[in-house]
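Q: Just so it is clear, I am handing over input_20.txt, which has compact mmCIF, C-alpha atoms.
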```txt
# COMPACT_ATOMS: atom_id res chain seq x y z
CA MET S 1 89.69 70.29 92.35
CA SER S 2 87.15 68.87 89.87
CA PRO S 3 85.62 71.29 87.32
CA ASP S 4 82.04 70.76 88.49
CA GLU S 5 82.95 71.98 91.96
CA ASN S 6 82.80 75.51 90.58
CA ASP S 7 79.06 75.03 90.14
CA LEU S 8 78.43 74.26 93.81
CA LEU S 9 76.20 76.67 95.65
CA ASP S 10 78.32 76.98 98.77
CA VAL S 11 81.92 78.02 99.24
CA ALA S 12 84.03 77.63 102.33
CA PRO S 13 85.66 80.56 104.12
CA GLY S 14 89.18 81.28 102.91
CA GLN S 15 88.51 79.63 99.56
CA PRO S 16 90.12 81.74 96.80
CA HIS S 17 88.37 82.66 93.53
CA SER S 18 88.99 80.76 90.30
CA ASN S 19 91.25 83.19 88.45
CA ILE S 20 94.84 83.81 89.56
CA MET S 21 94.77 87.53 88.72
CA SER S 22 91.54 88.30 90.57
CA GLU S 23 92.69 86.13 93.49
CA SER S 24 96.00 87.95 93.84
CA ALA S 25 94.25 91.30 93.32
CA ALA S 26 91.89 90.57 96.22
CA TYR S 27 94.80 89.86 98.58
CA ILE S 28 96.77 92.91 97.38
CA ILE S 29 93.76 95.26 97.76
CA GLY S 30 93.14 93.75 101.21
CA LEU S 31 96.77 94.28 102.22
CA GLY S 32 96.69 97.88 100.98
CA LEU S 33 93.47 98.69 102.83
CA ALA S 34 94.67 96.97 106.02
CA LEU S 35 98.00 98.85 105.94
CA LEU S 36 96.13 102.12 105.34
CA LEU S 37 93.74 101.53 108.26
CA THR S 38 96.61 100.46 110.53
CA GLY S 39 98.52 103.60 109.59
CA ILE S 40 95.49 105.80 110.27
CA SER S 41 94.99 104.07 113.66
CA PHE S 42 98.56 104.77 114.76
CA TRP S 43 98.32 108.36 113.48
CA VAL S 44 94.99 108.97 115.25
CA ALA S 45 96.45 107.61 118.49
CA SER S 46 99.52 109.86 118.41
CA THR S 47 98.26 113.13 116.94
CA SER S 48 97.01 116.00 119.07
CA ALA S 49 95.01 117.50 116.20
CA LEU S 50 91.86 115.55 117.09
CA TRP S 51 89.34 116.05 119.89
CA GLY S 52 90.73 113.95 122.75
CA PRO S 53 87.60 112.20 124.10
CA GLY S 54 86.62 111.05 120.60
CA VAL S 55 89.93 109.35 119.83
CA ALA S 56 89.15 106.03 121.59
CA VAL S 57 85.82 105.70 119.77
CA GLY S 58 87.51 106.50 116.46
CA LEU S 59 90.14 103.82 117.10
CA VAL S 60 87.44 101.21 117.79
CA VAL S 61 85.65 102.15 114.55
CA LEU S 62 88.93 101.88 112.61
CA ALA S 63 89.60 98.45 114.16
CA ILE S 64 86.14 97.19 113.19
CA ALA S 65 86.67 98.50 109.66
CA GLN S 66 90.00 96.66 109.44
CA MET S 67 88.41 93.43 110.69
CA GLY S 68 85.85 93.85 107.89
CA VAL S 69 88.67 94.25 105.36
CA HIS S 70 90.30 91.04 106.64
CA LEU S 71 87.00 89.14 106.47
CA VAL S 72 86.21 90.24 102.92
CA PHE S 73 89.62 90.21 101.23
CA PHE S 74 91.49 87.48 103.17
CA LEU S 75 88.70 85.14 104.31
CA HIS S 76 86.45 85.90 101.30
CA ILE S 77 83.31 86.24 103.39
CA THR S 78 80.94 88.02 100.99
CA SER S 79 77.24 88.82 100.77
CA GLY S 80 76.78 86.45 97.82
CA PRO S 81 74.28 83.56 97.98
CA ASP S 82 77.14 81.02 98.09
CA ASN S 83 78.23 82.51 101.41
CA THR S 84 74.96 82.41 103.36
CA ASN S 85 76.08 79.73 105.82
CA ASN S 86 79.41 81.42 106.51
CA VAL S 87 77.76 84.81 107.06
CA LEU S 88 75.09 83.36 109.36
CA ALA S 89 77.73 81.65 111.50
CA LEU S 90 79.71 84.89 111.60
CA ALA S 91 76.60 86.87 112.58
CA PHE S 92 75.94 84.51 115.49
CA GLY S 93 79.58 84.77 116.57
CA VAL S 94 79.44 88.57 116.46
CA LEU S 95 76.22 88.53 118.52
CA ILE S 96 77.86 86.45 121.27
CA VAL S 97 81.03 88.56 121.23
CA PHE S 98 78.90 91.72 121.50
CA LEU S 99 76.85 90.32 124.40
CA VAL S 100 79.92 89.11 126.32
CA MET S 101 81.95 92.30 125.90
CA VAL S 102 79.30 95.01 126.18
CA GLY S 103 77.44 93.10 128.91
CA THR S 104 80.58 92.65 131.01
CA ILE S 105 81.87 96.19 130.60
CA TRP S 106 78.43 97.71 131.26
CA ILE S 107 77.71 95.63 134.37
CA MET S 108 81.19 96.01 135.86
CA ALA S 109 81.21 99.77 135.29
CA HIS S 110 77.85 100.09 137.05
CA MET S 111 78.98 97.91 139.92
CA ASN S 112 81.91 100.20 140.49
CA ALA S 113 79.63 103.24 140.33
CA ASN S 114 76.60 102.00 142.26
CA VAL S 115 77.48 99.33 144.78
CA GLY S 116 78.06 100.91 148.17
CA MET S 117 81.53 99.72 149.00
CA SER S 118 83.98 101.47 151.27
CA PRO S 119 85.98 104.17 149.45
CA GLU S 120 89.22 102.18 149.29
CA MET S 121 87.33 99.17 147.88
CA MET S 122 85.81 101.37 145.21
CA ASN S 123 89.16 102.64 144.03
CA LEU S 124 90.34 100.11 141.45
CA GLN S 125 93.88 101.45 141.71
CA THR S 126 94.25 99.76 145.09
CA GLN S 127 92.78 96.41 144.13
CA HIS S 128 94.94 93.37 143.68
CA MET B 129 47.24 63.57 104.28
CA THR B 130 50.54 63.80 102.44
CA VAL B 131 48.90 65.99 99.83
CA GLU B 132 47.69 68.36 102.53
CA ALA B 133 51.15 68.43 104.12
CA ALA B 134 52.67 69.27 100.76
CA THR B 135 50.11 72.03 100.23
CA ILE B 136 51.00 73.79 103.44
CA GLY B 137 54.70 73.38 102.75
CA LEU B 138 55.68 70.65 105.22
CA THR B 139 57.21 68.37 102.59
CA HIS B 140 58.64 68.72 99.13
CA GLY B 141 56.00 67.11 96.97
CA GLY B 142 57.18 63.70 95.78
CA SER B 143 60.91 64.25 96.44
CA GLU B 144 62.89 62.10 98.83
CA ASP B 145 64.19 65.07 100.72
CA THR B 146 67.13 64.38 103.01
CA GLY B 147 66.92 67.66 104.85
CA LEU B 148 70.27 68.54 103.33
CA GLY B 149 69.07 70.32 100.20
CA HIS B 150 68.16 68.76 96.89
CA ARG B 151 71.67 67.62 96.10
CA GLY B 152 72.38 65.92 99.42
CA PRO B 153 75.27 66.93 101.67
CA GLU B 154 78.02 69.20 100.39
CA SER B 155 81.41 67.84 99.42
CA LYS B 156 84.12 67.51 102.04
CA SER B 157 86.00 70.48 100.55
CA ILE B 158 83.08 72.66 101.75
CA VAL B 159 82.04 70.88 104.94
CA VAL B 160 85.51 70.60 106.51
CA PRO B 161 86.53 74.29 106.20
CA TYR B 162 83.00 75.30 107.23
CA GLY B 163 83.28 73.22 110.40
CA PHE B 164 86.69 74.76 111.04
CA TRP B 165 85.16 78.22 110.49
CA LEU B 166 82.70 77.40 113.31
CA PHE B 167 85.64 76.43 115.56
CA VAL B 168 87.45 79.68 114.73
CA LEU B 169 84.33 81.68 115.58
CA SER B 170 84.08 79.89 118.94
CA ASP B 171 87.76 80.75 119.49
CA ILE B 172 86.91 84.41 118.84
CA VAL B 173 84.12 84.13 121.43
CA LEU B 174 86.75 82.82 123.90
CA PHE B 175 88.91 85.85 123.17
CA SER B 176 85.92 88.16 123.71
CA ALA B 177 85.76 86.92 127.33
CA LEU B 178 89.48 87.69 127.75
CA PHE B 179 88.95 91.14 126.20
CA ALA B 180 86.04 91.81 128.57
CA THR B 181 88.22 90.76 131.53
CA TYR B 182 91.07 92.99 130.39
CA ALA B 183 88.78 95.99 129.79
CA THR B 184 87.33 95.59 133.29
CA LEU B 185 90.74 95.33 134.97
CA ALA B 186 92.72 97.77 132.79
CA HIS B 187 92.86 100.41 135.55
CA ALA B 188 93.31 98.00 138.49
CA THR B 189 97.04 98.58 138.67
CA ASP B 190 97.46 98.25 142.47
CA GLY B 191 99.93 101.14 142.47
CA GLY B 192 102.13 99.32 139.96
CA PRO B 193 103.10 100.30 136.41
CA THR B 194 100.28 101.47 134.13
CA SER B 195 99.78 100.70 130.45
CA ASN B 196 101.12 104.15 129.56
CA GLU B 197 104.40 103.40 131.29
CA LEU B 198 104.85 99.89 129.92
CA PHE B 199 103.94 99.78 126.22
CA SER B 200 106.07 100.93 123.29
CA ARG B 201 104.09 101.85 120.19
CA ASN B 202 107.07 101.42 117.85
CA LEU B 203 107.51 97.75 118.79
CA VAL B 204 103.77 97.16 118.40
CA ALA B 205 103.82 98.79 114.94
CA VAL B 206 106.55 96.36 113.81
CA GLU B 207 104.62 93.41 115.31
CA THR B 208 101.44 94.53 113.54
CA ILE B 209 103.12 94.89 110.14
CA ALA B 210 104.85 91.50 110.51
CA LEU B 211 101.60 89.70 111.33
CA LEU B 212 99.66 91.51 108.59
CA LEU B 213 102.28 90.63 105.94
CA SER B 214 102.28 87.06 107.28
CA SER B 215 98.51 86.85 106.77
CA PHE B 216 98.89 88.26 103.24
CA VAL B 217 101.67 85.82 102.31
CA CYS B 218 99.56 82.95 103.69
CA GLY B 219 96.90 83.93 101.15
CA LEU B 220 99.50 83.81 98.37
CA ALA B 221 100.49 80.32 99.56
CA MET B 222 96.85 79.22 99.16
CA ILE B 223 96.80 80.57 95.59
CA ALA B 224 99.93 78.56 94.78
CA ALA B 225 98.63 75.45 96.58
CA LYS B 226 95.38 75.52 94.60
CA ARG B 227 97.51 75.27 91.44
CA ALA B 228 99.64 72.49 92.99
CA ASN B 229 102.81 74.55 92.62
CA MET B 230 105.26 72.96 95.09
CA VAL B 231 108.06 75.57 95.00
CA TRP B 232 105.85 78.65 95.47
CA THR B 233 103.61 76.98 98.06
CA GLN B 234 106.60 75.94 100.19
CA GLY B 235 108.28 79.31 99.70
CA TRP B 236 105.24 81.36 100.71
CA LEU B 237 104.51 79.06 103.67
CA LEU B 238 108.13 79.41 104.84
CA LEU B 239 107.81 83.21 104.62
CA THR B 240 104.48 83.06 106.48
CA GLY B 241 106.14 81.14 109.30
CA ALA B 242 109.21 83.42 109.29
CA LEU B 243 107.05 86.54 109.67
CA GLY B 244 105.13 84.77 112.43
CA LEU B 245 108.48 84.12 114.13
CA VAL B 246 109.38 87.83 113.87
CA PHE B 247 106.06 88.67 115.56
CA LEU B 248 106.53 86.06 118.28
CA SER B 249 110.15 87.07 118.99
CA ILE B 250 109.17 90.71 119.51
CA GLU B 251 106.29 89.66 121.77
CA LEU B 252 108.50 87.39 123.88
CA PHE B 253 111.16 90.13 124.08
CA GLU B 254 108.49 92.52 125.36
CA PHE B 255 107.21 89.96 127.90
CA ALA B 256 110.75 89.21 129.14
CA LYS B 257 111.51 92.93 129.50
CA MET B 258 108.29 93.55 131.45
CA ILE B 259 108.87 90.60 133.79
CA ALA B 260 112.49 91.70 134.37
CA GLU B 261 111.19 95.15 135.35
CA GLY B 262 108.91 93.57 137.97
CA ALA B 263 105.81 94.00 135.79
CA GLY B 264 104.98 90.28 135.57
CA PRO B 265 101.48 88.79 135.64
CA GLN B 266 101.47 88.56 139.45
CA ARG B 267 102.06 92.31 139.93
CA SER B 268 98.46 93.54 139.49
CA ALA B 269 95.05 92.56 138.12
CA PHE B 270 95.77 94.73 135.06
CA LEU B 271 98.95 92.79 134.29
CA SER B 272 97.27 89.41 134.92
CA GLY B 273 94.62 90.39 132.39
CA PHE B 274 97.26 91.65 129.95
CA PHE B 275 99.41 88.51 130.05
CA THR B 276 96.34 86.25 129.78
CA LEU B 277 94.93 88.06 126.76
CA VAL B 278 98.13 88.75 124.80
CA GLY B 279 99.75 85.49 125.95
CA CYS B 280 96.74 83.49 124.74
CA HIS B 281 97.07 85.12 121.33
CA GLY B 282 100.81 84.39 121.34
CA ALA B 283 100.10 80.75 122.21
CA HIS B 284 97.75 80.57 119.23
CA VAL B 285 100.45 82.01 116.96
CA THR B 286 102.91 79.40 118.30
CA CYS B 287 100.43 76.60 117.50
CA GLY B 288 99.86 78.13 114.08
CA MET B 289 103.59 78.08 113.34
CA LEU B 290 103.87 74.43 114.38
CA TRP B 291 100.91 73.74 112.08
CA ILE B 292 102.62 75.60 109.20
CA GLY B 293 105.72 73.43 109.65
CA THR B 294 103.58 70.28 109.76
CA MET B 295 101.75 71.26 106.58
CA MET B 296 105.01 72.03 104.76
CA ALA B 297 106.24 68.53 105.65
CA GLN B 298 102.93 66.92 104.64
CA ILE B 299 102.81 68.70 101.28
CA TRP B 300 106.40 67.67 100.67
CA ALA B 301 105.79 64.02 101.61
CA LYS B 302 102.26 63.45 100.29
CA GLY B 303 101.79 66.04 97.55
CA PHE B 304 98.68 68.09 96.85
CA GLN B 305 96.08 65.45 97.72
CA PRO B 306 92.53 66.64 98.43
CA HIS B 307 92.75 65.97 102.19
CA ILE B 308 96.07 67.83 102.43
CA ILE B 309 94.57 70.82 100.57
CA ARG B 310 91.64 70.82 103.01
CA ARG B 311 94.02 70.96 105.97
CA LEU B 312 95.89 73.79 104.27
CA PHE B 313 92.67 75.80 103.87
CA CYS B 314 91.83 75.27 107.53
CA LEU B 315 95.31 76.53 108.39
CA SER B 316 94.75 79.68 106.32
CA ILE B 317 91.42 80.36 108.08
CA PHE B 318 93.16 79.95 111.46
CA TRP B 319 96.05 82.24 110.49
CA HIS B 320 93.79 85.00 109.08
CA ALA B 321 91.61 84.83 112.22
CA LEU B 322 94.69 85.35 114.42
CA ASP B 323 95.41 88.56 112.54
CA ILE B 324 91.80 89.72 113.10
CA ILE B 325 92.21 89.13 116.85
CA TRP B 326 95.53 91.01 116.78
CA VAL B 327 93.76 94.05 115.25
CA ALA B 328 91.53 94.14 118.34
CA ILE B 329 94.54 93.65 120.68
CA PHE B 330 96.72 96.39 119.21
CA THR B 331 93.78 98.81 119.20
CA ILE B 332 92.36 98.12 122.66
CA VAL B 333 95.49 97.18 124.61
CA TYR B 334 98.29 99.12 122.95
CA LEU B 335 96.75 102.20 121.27
CA ILE B 336 93.83 103.03 123.59
CA GLY B 337 96.00 101.94 126.55
CA THR B 338 98.68 104.52 125.69
CA LEU B 339 96.46 107.50 124.93
CA PRO B 340 97.59 110.55 126.88
```
As structure tokens, how would this structure be written, given the file I've shared?

A:
Amino acid sequence: MSPDENDLLDVAPGQPHSNIMSESAAYIIGLGLALLLTGISFWVASTSALWGPGVAVGLVVLAIAQMGVHLVFFLHITSGPDNTNNVLALAFGVLIVFLVMVGTIWIMAHMNANVGMSPEMMNLQTQH
Amino acid sequence: MTVEAATIGLTHGGSEDTGLGHRGPESKSIVVPYGFWLFVLSDIVLFSALFATYATLAHATDGGPTSNELFSRNLVAVETIALLLSSFVCGLAMIAAKRANMVWTQGWLLLTGALGLVFLSIELFEFAKMIAEGAGPQRSAFLSGFFTLVGCHGAHVTCGMLWIGTMMAQIWAKGFQPHIIRRLFCLSIFWHALDIIWVAIFTIVYLIGTLP
């Protein structure tokens, strides 16, 4: 890698920093945080100390947090000016993922609830 | 006319602007991983459709086994740790590759692939056990959705491992040339993205699916 490439305004995703210590530190911090969040997720899922209906939401929040950790510490997606293109692409991706998932789950849940099908059709347990 | 256009900001006064910024296009070491990043994001969009399908069909068990009866959290915990460590070690391989250190790059890549193999073996063991118990993809809509989603991720991991092997051979044969380094960075983006998708799978399929 030529020295003047450090002066470029853009960096690519996954591109490590310039210093071996700070590079390794980023991966080690990321690993620590990811292990911690994974551990909390498994604990939250198996404990009975928490309010039952809130557990699923908590797990989703923990998963999103861990994805953030992976993006920042492993893929080096940051808020810096050299990352604008990467972040914009990610933002568009997240928008589409959000639309596809929330849109599908919302519409399908309402179809089950509202469309006047015969009782056995409405029971998903009996569907193939 | 051109002066007016410059005044209202339509052109950069006097410069021969290429539309690619003042310095022209970026170098290949930026453009290639950026393009691959776009591919990875589109792959994540593909997975979002599979997740939406699974979430819709998760309770359509047709009287067959439910997620609570099928999934073992201990196995999933081991799978998760193996894939997370694999992603971490892949990052270490990139650090070594950037410094053109052959021994450490090959060593870390080998460990990355080995941890990927641990993950894949556990997954295939789980699949084989489920199919042997009569809980194959044809049993119910829930299981079709499960095998499509988790199987698609497993297929990606398999491709990633073949890619790791290919890159190890290319580094060995061709050395740390710029185009080989670019491929290696694309591989690391792919491998990290697979771990991000696995976070969503173990949360939605295995943890939320086995809540009491």

Q: Tell me the residues of chain B close to chain S, meaning within 8 Å using only C-alpha atoms, as a count of residues only.

A: 49

Q: In Å, rounded to a single decimal, give me how far atom CA of Arg310 of chain B is from atom CA of Lys156 of chain B.

A: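 Going from atom CA of Lys156 of chain B over to atom CA of Arg310 of chain B covers 8.3 Å.
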
Q: Find the distance between atom CA of Phe304 of chain B and atom CA of Gly282 of chain B and write it in Å to one decimal.

A: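 Between these atoms lies a distance of 29.5 Å.
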
Q: Could you give me, as a PyMOL selection string, the residues within 12 Å of Gly235 of chain B, counting all atoms listed in the file and dropping anything in the same chain fewer than 5 positions from it?

A: chain B and resi 217-218+220-222+224-225+229-230+240-242+292-293+296+300

Q: Counting all atoms listed in the file, which residue out of B:Gly192, B:Pro340, B:Pro265, B:Gly244 sits closest to Val278 of chain B?

A: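 Checking each of B:Gly192, B:Pro340, B:Pro265, B:Gly244 against Val278 of chain B, counting all atoms listed in the file, the winner is B:Pro265.
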
Q: What is the distance, in Å and to one decimal place, between atom CA of Arg311 of chain B and atom CA of Lys226 of chain B?

A: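 Interatomic distance, atom CA of Arg311 of chain B to atom CA of Lys226 of chain B: 12.3 Å.
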